[in-house]
Structures are given as structure tokens and as C-alpha cells.
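One file, run.txt, is given below (compact mmCIF, C-alpha atoms).
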```txt
# COMPACT_ATOMS: atom_id res chain seq x y z
CA MET A 1 64.07 21.59 112.70
CA SER A 2 60.55 21.97 113.95
CA ILE A 3 57.54 24.25 114.01
CA LYS A 4 57.20 26.68 116.90
CA VAL A 5 53.60 27.22 118.02
CA LEU A 6 52.50 30.22 120.11
CA TYR A 7 49.23 30.92 121.94
CA PHE A 8 48.16 34.25 123.37
CA ALA A 9 45.66 35.82 125.76
CA SER A 10 42.45 33.88 126.56
CA LEU A 11 43.50 31.02 124.27
CA LYS A 12 46.72 30.63 126.25
CA ASP A 13 44.66 30.49 129.47
CA ILE A 14 42.25 27.92 128.03
CA LEU A 15 45.06 25.65 126.81
CA GLY A 16 47.18 26.17 129.91
CA ARG A 17 50.36 26.83 127.95
CA ALA A 18 51.95 29.57 125.84
CA HIS A 19 53.85 27.51 123.29
CA ASP A 20 54.56 24.14 121.73
CA GLU A 21 57.39 22.78 119.64
CA LEU A 22 56.24 20.30 116.97
CA ASP A 23 58.07 17.95 114.69
CA ALA A 24 57.19 19.29 111.25
CA ALA A 25 56.96 15.85 109.65
CA GLY A 26 53.54 15.34 108.09
CA ILE A 27 52.31 18.86 108.80
CA THR A 28 51.47 20.97 105.75
CA THR A 29 48.95 23.60 106.91
CA ALA A 30 48.27 25.91 109.85
CA GLY A 31 45.19 23.82 110.60
CA GLY A 32 47.38 20.72 110.72
CA VAL A 33 49.59 22.45 113.27
CA TRP A 34 46.57 23.11 115.48
CA HIS A 35 45.31 19.53 115.27
CA GLN A 36 48.71 17.98 115.96
CA ALA A 37 49.25 20.27 118.97
CA ASN A 38 45.68 20.01 120.25
CA PRO A 39 44.27 16.63 119.25
CA ASN A 40 40.52 16.24 119.70
CA ARG A 41 40.11 19.94 120.51
CA PRO A 42 38.39 21.96 117.77
CA ILE A 43 39.92 25.35 117.12
CA PRO A 44 37.76 27.95 118.90
CA VAL A 45 35.50 30.10 116.72
CA ASN A 46 37.07 33.47 115.80
CA THR A 47 40.64 32.26 116.43
CA LEU A 48 43.13 34.26 114.37
CA VAL A 49 46.17 32.58 112.81
CA ALA A 50 49.58 33.99 111.91
CA VAL A 51 52.55 32.34 110.21
CA ASN A 52 55.86 34.11 110.74
CA MET A 53 53.96 37.11 112.12
CA ASP A 54 51.71 37.59 109.08
CA TYR A 55 47.96 36.90 109.20
CA VAL A 56 46.93 33.82 107.24
CA ASP A 57 43.89 31.57 107.04
CA ILE A 58 43.77 28.12 108.57
CA HIS A 59 44.57 26.48 105.21
CA ALA A 60 47.84 28.37 104.77
CA HIS A 61 50.91 26.29 103.96
CA VAL A 62 53.50 25.86 106.70
CA LYS A 63 56.99 24.43 106.59
CA ASP A 64 59.84 23.39 108.80
CA GLY A 65 61.15 26.33 110.84
CA ASP A 66 57.94 28.36 110.72
CA GLU A 67 56.46 30.15 113.73
CA VAL A 68 52.70 29.61 113.86
CA ALA A 69 50.56 31.62 116.29
CA PHE A 70 46.92 31.21 117.37
CA PHE A 71 45.08 33.93 119.26
CA PRO A 72 41.65 35.47 119.91
CA PRO A 73 40.42 38.72 118.30
CA VAL A 74 42.76 41.59 119.16
CA THR A 75 41.69 44.28 121.64
CA GLY A 76 44.45 46.88 121.75
CA GLY A 77 44.30 50.64 121.43
CA MET B 1 62.12 50.10 73.58
CA LEU B 2 62.54 46.71 75.16
CA LYS B 3 65.96 47.71 76.48
CA THR B 4 64.49 50.79 78.09
CA ALA B 5 61.74 48.74 79.66
CA MET B 6 64.22 46.23 81.00
CA LYS B 7 66.33 48.99 82.47
CA TRP B 8 63.57 49.65 84.98
CA PRO B 9 62.33 46.71 87.00
CA SER B 10 58.58 46.29 87.04
CA PHE B 11 58.65 46.55 90.82
CA ARG B 12 60.35 49.57 92.25
CA PRO B 13 60.31 49.74 96.04
CA LEU B 14 58.52 52.73 97.45
CA PRO B 15 60.66 55.27 99.28
CA ALA B 16 61.14 54.34 102.92
CA VAL B 17 58.27 55.64 105.00
CA GLU B 18 59.34 57.62 108.03
CA MET B 19 57.92 56.21 111.24
CA GLN B 20 58.68 55.33 114.81
CA ILE B 21 56.85 52.48 116.55
CA LYS B 22 57.39 52.07 120.26
CA ILE B 23 55.92 49.35 122.48
CA THR B 24 56.67 50.11 126.11
CA THR B 25 55.99 48.84 129.61
CA LEU B 26 56.81 52.31 130.94
CA ASP B 27 54.29 55.06 131.63
CA PHE B 28 54.58 57.89 129.13
CA ASN B 29 53.35 61.43 128.59
CA PRO B 30 51.93 61.53 125.05
CA TRP B 31 52.38 65.28 124.63
CA GLN B 32 56.05 65.22 125.67
CA GLU B 33 56.66 62.24 123.38
CA ILE B 34 55.08 64.02 120.41
CA GLN B 35 57.00 67.22 121.10
CA ALA B 36 60.31 65.36 121.45
CA TYR B 37 59.71 63.28 118.31
CA GLN B 38 58.76 66.34 116.24
CA ALA B 39 61.87 68.17 117.46
CA GLY B 40 63.99 65.30 116.16
CA ASN B 41 62.39 64.67 112.79
CA THR B 42 63.61 66.13 109.53
CA ILE B 43 60.42 67.54 108.06
CA ALA B 44 60.43 71.04 109.55
CA GLY B 45 58.96 73.45 106.99
CA LYS B 46 57.41 70.55 105.05
CA PHE B 47 54.52 69.69 107.33
CA GLY B 48 51.45 71.84 107.73
CA ALA B 49 49.31 69.44 109.70
CA THR B 50 49.71 67.11 112.66
CA SER B 51 46.82 64.88 113.64
CA VAL B 52 47.00 63.17 117.02
CA PHE B 53 44.95 60.44 118.66
CA VAL B 54 45.52 59.62 122.31
CA GLY B 55 43.72 56.66 123.88
CA THR B 56 43.34 56.78 127.67
CA MET B 57 42.14 54.05 130.01
CA ARG B 58 38.57 54.44 131.32
CA ASP B 59 37.43 53.29 134.76
CA PHE B 60 34.37 51.59 133.26
CA ASN B 61 33.64 49.09 130.51
CA GLN B 62 30.50 47.20 129.55
CA GLY B 63 28.70 48.57 132.61
CA ASP B 64 31.36 47.48 135.12
CA GLU B 65 33.90 49.42 137.18
CA VAL B 66 37.42 48.62 136.06
CA GLN B 67 40.34 49.08 138.47
CA GLY B 68 43.17 48.19 136.14
CA MET B 69 44.20 46.25 133.06
CA THR B 70 47.04 44.12 131.82
CA LEU B 71 47.93 44.50 128.16
CA GLU B 72 49.49 41.46 126.51
CA HIS B 73 51.04 41.56 123.04
CA TYR B 74 52.84 39.39 120.51
CA PRO B 75 56.37 40.82 120.42
CA GLY B 76 57.67 41.18 116.89
CA MET B 77 54.32 40.67 115.18
CA THR B 78 52.97 43.81 116.83
CA GLU B 79 55.75 45.98 115.42
CA LYS B 80 55.55 44.22 112.04
CA GLN B 81 51.78 44.73 111.70
CA LEU B 82 51.96 48.37 112.81
CA ALA B 83 54.62 49.02 110.17
CA VAL B 84 52.36 47.36 107.57
CA ILE B 85 49.50 49.64 108.67
CA VAL B 86 51.64 52.79 108.43
CA ASN B 87 52.78 51.72 104.97
CA GLU B 88 49.15 51.15 103.95
CA ALA B 89 48.27 54.64 105.16
CA SER B 90 51.25 56.14 103.35
CA ALA B 91 50.13 54.46 100.13
CA GLN B 92 46.76 56.23 100.43
CA TRP B 93 47.77 59.64 101.79
CA PRO B 94 51.04 61.59 101.46
CA VAL B 95 52.26 61.03 105.00
CA LEU B 96 55.55 62.65 106.00
CA ASP B 97 56.06 60.96 109.36
CA THR B 98 54.23 58.82 111.91
CA LEU B 99 54.72 58.12 115.60
CA ILE B 100 52.95 55.23 117.35
CA ILE B 101 53.42 54.46 121.03
CA HIS B 102 51.48 51.68 122.76
CA LYS B 103 51.63 50.66 126.40
CA VAL B 104 51.87 47.00 127.41
CA GLY B 105 51.87 45.42 130.85
CA ASP B 106 49.95 46.89 133.77
CA ILE B 107 47.89 50.03 133.27
CA PHE B 108 45.43 51.98 135.41
CA PRO B 109 42.54 54.39 134.76
CA ASN B 110 43.48 57.82 133.40
CA GLN B 111 46.81 56.57 132.02
CA PRO B 112 47.47 56.83 128.28
CA ILE B 113 47.38 53.52 126.39
CA VAL B 114 48.15 54.59 122.84
CA VAL B 115 49.31 57.54 120.78
CA VAL B 116 49.09 57.87 117.01
CA ALA B 117 50.54 61.09 115.56
CA VAL B 118 50.69 61.75 111.83
CA TRP B 119 52.48 64.61 110.09
CA THR B 120 51.42 65.68 106.57
CA SER B 121 51.46 68.79 104.43
CA HIS B 122 47.68 69.24 104.49
CA ARG B 123 45.03 68.67 107.14
CA GLY B 124 42.76 66.30 105.23
CA ASP B 125 45.56 63.78 104.80
CA ALA B 126 46.55 64.08 108.47
CA PHE B 127 42.99 63.50 109.75
CA ASP B 128 42.30 60.61 107.38
CA ALA B 129 45.64 58.82 107.79
CA CYS B 130 45.53 59.12 111.59
CA ARG B 131 42.01 57.67 111.66
CA TYR B 132 42.97 54.87 109.29
CA ILE B 133 46.01 53.92 111.36
CA MET B 134 44.07 53.94 114.63
CA GLU B 135 41.19 51.85 113.28
CA ALA B 136 43.60 49.38 111.67
CA LEU B 137 45.56 49.15 114.93
CA LYS B 138 42.34 48.27 116.77
CA ALA B 139 41.53 45.60 114.18
CA LYS B 140 44.93 44.06 113.43
CA ALA B 141 47.69 44.86 115.94
CA PRO B 142 48.07 41.85 118.26
CA PHE B 143 47.36 43.34 121.68
CA TRP B 144 44.91 41.91 124.23
CA LYS B 145 43.41 43.56 127.32
CA LYS B 146 42.63 41.74 130.55
CA GLU B 147 40.54 43.82 132.92
CA GLN B 148 40.61 43.73 136.71
CA LEU B 149 37.12 44.64 137.90
CA SER B 150 36.19 46.30 141.19
CA THR B 151 34.58 42.97 142.12
CA GLN B 152 38.13 41.49 142.04
CA GLN B 153 37.18 39.40 139.00
CA ASN B 154 39.49 39.37 135.98
CA ARG B 155 38.21 39.09 132.42
CA TRP B 156 39.65 39.23 128.92
CA VAL B 157 38.10 41.87 126.69
CA GLU B 158 36.59 39.75 123.92
CA LYS B 159 36.45 42.27 121.10
CA ASN B 160 36.85 45.94 120.35
CA THR B 161 33.77 48.10 119.89
CA ASN B 162 32.99 50.29 116.89
CA GLY B 163 34.41 53.27 118.76
CA TYR B 164 31.16 55.18 119.29
CA ALA B 165 29.05 55.54 122.45
CA ASN B 166 26.12 55.16 120.06
CA ASP B 167 26.86 51.68 118.79
CA THR B 168 24.70 51.98 115.69
CA LYS B 169 27.27 54.32 114.14
CA ASP B 170 30.26 53.04 112.25
CA TYR B 171 33.54 54.15 110.73
CA THR B 172 33.51 53.50 107.04
CA GLY B 173 37.02 54.66 106.21
```
Starting from the file, lay out its structure as C-alpha cells.
Amino acid sequence: MSIKVLYFASLKDILGRAHDELDAAGITTAGGVWHQANPNRPIPVNTLVAVNMDYVDIHAHVKDGDEVAFFPPVTGG
Amino acid sequence: MLKTAMKWPSFRPLPAVEMQIKITTLDFNPWQEIQAYQAGNTIAGKFGATSVFVGTMRDFNQGDEVQGMTLEHYPGMTEKQLAVIVNEASAQWPVLDTLIIHKVGDIFPNQPIVVVAVWTSHRGDAFDACRYIMEALKAKAPFWKKEQLSTQQNRWVEKNTNGYANDTKDYTG
């Protein structure tokens, strides 16, 4: 099992990729997911975070099998 | 007394809220979609008010000419969050039915981007619930616009505005 990480819109362009697959070992929070996937890169200001398609804050707990998404402020409608 | 209390769980799910949420790459005619959806719903005789918002693409934004846009979204989360929003509206106003259609992919000026239609018994609920859903969609539904400018530059729209030409106004719900 692992944690699926998704990036959207301008964040996807900045990182140069749309997704990562992480080994969940040692990861307990959404912030930990970001830092494992993007070492030495601070999370951009205003980045929104979702776990399993629900909005959470960066300290939210994550577990094996979760889908964690990072994206900029939404601009639909 | 205790037995009676235990007979009813403390949490009783609310009745299912009628809604249709459609995310589409296809062009659509909002008025035909609303007419067709209303013809197929089961609330004839119950509703006395339908409030409709249609969002259409402009050919200008932030002082620049815009030739086209690409709308990206997060499949699955978009539908999930829109359903949450409709349920939030239905908890505040007695909504009979809701239709939301949102375009994704390539879009050009004068094409519709979004439709929110709300059916209720009375007009106040229809106006308020439609406004609530639209504002919540702008704030929470995971869509992102990338504009193609007449200068051939592309840029991501960084945030939504307050929805007024006069930007000192605000929607307070």
C-alpha cells in the first residue's frame, strides 16, 4: 500500500508533475506527505489540501491508502 | 422512556436531496438543459420558484483581452464538493431540486461555463439557495482556469473576485 499524491493547475506546472506515489511508512500528516514528496521545497502560500477529496488542513492525519491532493485557490464558475 | 429513546437513533439521515451534477467537456445550451431537466423531475405542482444563474465567458479579464480558456478540475472531488454544497443549501432552505452543470476543457468567449438552477416552493428560498450554491462553488469546487491572452501568453487565474464590478462590495450570505 502507499499514499497517492496529486497536484493540480499552477502547482502541477511548478512541480513539473501531476502525481506521486509514496511509501506510507513514517508519514502521519498531510504536511509530511508534502515534505517527503518535495524535500527542501516549502509548500507555497495559499496551497489547499484535500485528503480523500475532503478539504483538510496541513496537520490532518493521513494513512496508508489515502489520496492526498495539493492545489492552488480554486477559480471555477 | 429509555426504550422509546433507544428506538430512534440519535442520528437520523436527512431525506435524500434531489440534485443532478454534471461536469462536461461538451458545449451546452443552459436553457435547453434546464427545460429538459425540469421536464424530467418529479416536483411538478410542488415548485413555485426556479432561480437560475448562468455564468458565461468574457473576452476580458484584469484589463487584458482573453481569447480562450482551459478549465482544469479534480475529477471526483469536484462532484463530491458540489454535492456537499447542495446539501448545505438544502439544510438552510427547503430546496426541492438542484441542477448544476459546469464546463471543463477548452472554452471560448460567449460560451456558458456554469449553470446553477434551484427549484423551491417560494421565491426567497430559490434566490437565496441559488446564490449560496454559486458562491460556495466559486470558493470550494476544485476547478482552475488558465487563460489564453490575445498576446499569445497563457496565465492561470490566481483567485476569484468578489463577483462585483465595484470591488468594494461583497456578498455576505
Next item on the list: Please determine the residues with any atom at most 9 Å from (53.7, 28.6, 106.2) (coordinates as given in the file, with only C-alpha atoms counting) and report them as a PyMOL selection string.
Entry: chain A and resi 28-30+50-52+56+60-64+66-68
Note to self: Can you work out which residues from chain A touch chain B at a cut-off of 9 Å (counting only C-alpha atoms) and hand them back as a PyMOL selection string?
What the structure shows: chain A and resi 8-10+50+52-55+71-77
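Using only C-alpha atoms, the shortest contact distance between Tyr37 in chain B and any of B:Ile21, B:Leu99, B:Ala16, B:Ala49 is found at B:Leu99.
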Return as AutoDock Vina command-line options the centre and edge lengths, in Å with one decimal, of the box along x, y and z that encloses every atom of range 12-15 of chain A in the file, padded by 8 Å per side.
```
--center_x 44.5 --center_y 28.1 --center_z 127.9 --size_x 20.5 --size_y 21.0 --size_z 19.2
```
Next item on the list: Could you check how far CA of Asn61 in chain B sits from CA of Ile23 in chain B, in Å to one decimal?
Entry: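 Interatomic distance, CA of Asn61 in chain B to CA of Ile23 in chain B: 23.7 Å.
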Margin query: For Asp125 in chain B, find every residue with an atom within 10 Å (counting all atoms listed in the file), except residues of its own chain fewer than 6 positions away, and show them as number ranges by chain.
Written below: B: 49-51, 89-90, 92-95, 118-119, 131
Margin query: Report, in Å with one decimal, the straight-line distance from CA of Gly31 in chain A to CA of Ile58 in chain A.
Written below: 5.0 Å
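Distance-wise, CA of Phe108 in chain B and CA of Leu11 in chain A end up 23.8 Å apart.
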Checklist line | Nearest to Leu22 in chain A, chosen from A:Ile43, A:Val49, A:Ala69, A:Met1, with all atoms listed in the file counted in the distances | finding: A:Met1
I want to know what sits within 8 Å of Ser150 in chain B, based on all atoms listed in the file, with residues of the same chain fewer than 3 positions away left out; could you give that as an mmCIF file with C-alpha atoms, keeping the file's coordinate frame?
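Contents of the output file result12.cif:
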```
data_model
loop_
_atom_site.group_PDB
_atom_site.id
_atom_site.type_symbol
_atom_site.label_atom_id
_atom_site.label_comp_id
_atom_site.auth_asym_id
_atom_site.auth_seq_id
_atom_site.Cartn_x
_atom_site.Cartn_y
_atom_site.Cartn_z
ATOM 1 C CA ASP B 64 31.360 47.480 135.120
ATOM 2 C CA GLU B 65 33.900 49.420 137.180
ATOM 3 C CA VAL B 66 37.420 48.620 136.060
ATOM 4 C CA GLN B 67 40.340 49.080 138.470
ATOM 5 C CA GLN B 153 37.180 39.400 139.000
#
```
Check: Counting all atoms listed in the file, what is within 9 Å of Tyr7 in chain A, bar same-chain residues fewer than 6 positions away, as a list in words?
Finding: Asp13, Leu15, Arg17, Ala18, His19, Asp20, Val68, Ala69, Phe70 and Phe71 of chain A
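When all atoms listed in the file are used to compute distances to Thr98 in chain B, the closest of the residues B:Ala83, B:Ala117, B:Ile34, B:Leu149 turns out to be B:Ala117.
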